[in-house]
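For reference, the structure discussed in these notes is given below.
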Amino acid sequence: MNKFTQTERAAIRTALQQRKAALLAEIRAALDESGDNQYRAILGNSPGDSSDEALASSLADLAAARMDREVREYRALEAAEQRLDSPGFGICVECGAAIPVARLLANPAAARCVQCQEIFDKT
């Protein structure tokens, strides 16, 4: 069990809430820009130009991928917020080691220690 001081737990909670708020703002901004509005300028310059259409399509795909990543991160933050007061919060789900406070402040949704996360990312 990882035992945080009240100050550490409060700092992690603040970091978590700040990241959630920032992500929510990013998601809302992306939704406001969604559709073809942001690509209209590209397509409007030379209708029928296949390279411009391909560029607009690629930009739309990138925007969708970015939004998907942001939504997944937001959900992970919500899950971390629910776990924050549980005895298992701050314990690596892979090896059971304590996750350092510095890592949780940098990434409040972290469920793995750095070593296990590196292995996870490689596989």
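Ordering of the structure tokens sets the chain letters (A, B, ...); residue numbers start at 1 within each chain; ligands are numbered from 1 in the order shown.
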Taking the DSSP assignment computed from this structure's backbone, write out as a PyMOL selection string all residues of segment 58-119 of chain A that belong to helix (DSSP H, G or I). chain A and resi 58-83+101-106+114-119
Contacts of Leu16 of chain A at 12 Å (only C-alpha atoms; same-chain gap of 6+ positions) as an mmCIF file with C-alpha atoms, in the first residue's frame:
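Below you can see selection-v1.cif, which holds the result:
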```cif
data_model
loop_
_atom_site.group_PDB
_atom_site.id
_atom_site.type_symbol
_atom_site.label_atom_id
_atom_site.label_comp_id
_atom_site.auth_asym_id
_atom_site.auth_seq_id
_atom_site.Cartn_x
_atom_site.Cartn_y
_atom_site.Cartn_z
ATOM 1 C CA ARG A 9 -2.577 13.463 -1.933
ATOM 2 C CA ALA A 10 -3.910 17.033 -2.256
ATOM 3 C CA ALA A 22 -7.174 21.248 -19.709
ATOM 4 C CA LEU A 23 -8.174 18.116 -21.608
ATOM 5 C CA GLU A 73 -6.711 10.144 -21.408
ATOM 6 C CA TYR A 74 -9.702 11.947 -19.874
ATOM 7 C CA ARG A 75 -11.320 8.597 -19.030
ATOM 8 C CA ALA A 76 -8.057 7.391 -17.466
ATOM 9 C CA LEU A 77 -7.959 10.548 -15.361
ATOM 10 C CA GLU A 78 -11.541 9.978 -14.216
ATOM 11 C CA ALA A 79 -10.655 6.413 -13.221
ATOM 12 C CA ALA A 80 -7.573 7.656 -11.352
ATOM 13 C CA GLU A 81 -9.698 10.225 -9.543
ATOM 14 C CA GLN A 82 -12.015 7.455 -8.354
ATOM 15 C CA ARG A 83 -9.027 5.364 -7.192
ATOM 16 C CA LEU A 84 -7.268 8.270 -5.496
ATOM 17 C CA ARG A 103 5.455 10.563 -11.451
ATOM 18 C CA LEU A 104 1.878 10.903 -10.234
ATOM 19 C CA LEU A 105 2.183 14.692 -10.227
ATOM 20 C CA ALA A 106 3.479 14.607 -13.803
ATOM 21 C CA ASN A 107 0.978 11.967 -14.923
ATOM 22 C CA PRO A 108 -1.862 11.626 -12.392
ATOM 23 C CA ALA A 109 -3.414 8.744 -14.334
ATOM 24 C CA ALA A 110 -0.249 6.627 -14.135
#
```
If we count only C-alpha atoms, what is near Gly96 of chain A at a cut-off of 12 Å, once residues fewer than 6 positions away on the same chain are taken out, given as a PyMOL selection string? chain A and resi 1-2+88-90+111-113+115-116
Closest to Val93 of chain A among A:Ala64, A:Val114, A:Ala54, A:Ala15, using only C-alpha atoms?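 Checking each of A:Ala64, A:Val114, A:Ala54, A:Ala15 against Val93 of chain A, counting only C-alpha atoms, the winner is A:Val114.
Here atom CA of Glu118 of chain A is placed at a distance of 22.1 Å from atom CA of Val71 of chain A.
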Have a look at A:Ile12, A:Ile27, A:Pro100, A:Ala21 and name the one nearest to Ala65 of chain A; count only C-alpha atoms.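 For Ala65 of chain A, the nearest of the given residues is A:Ile27.
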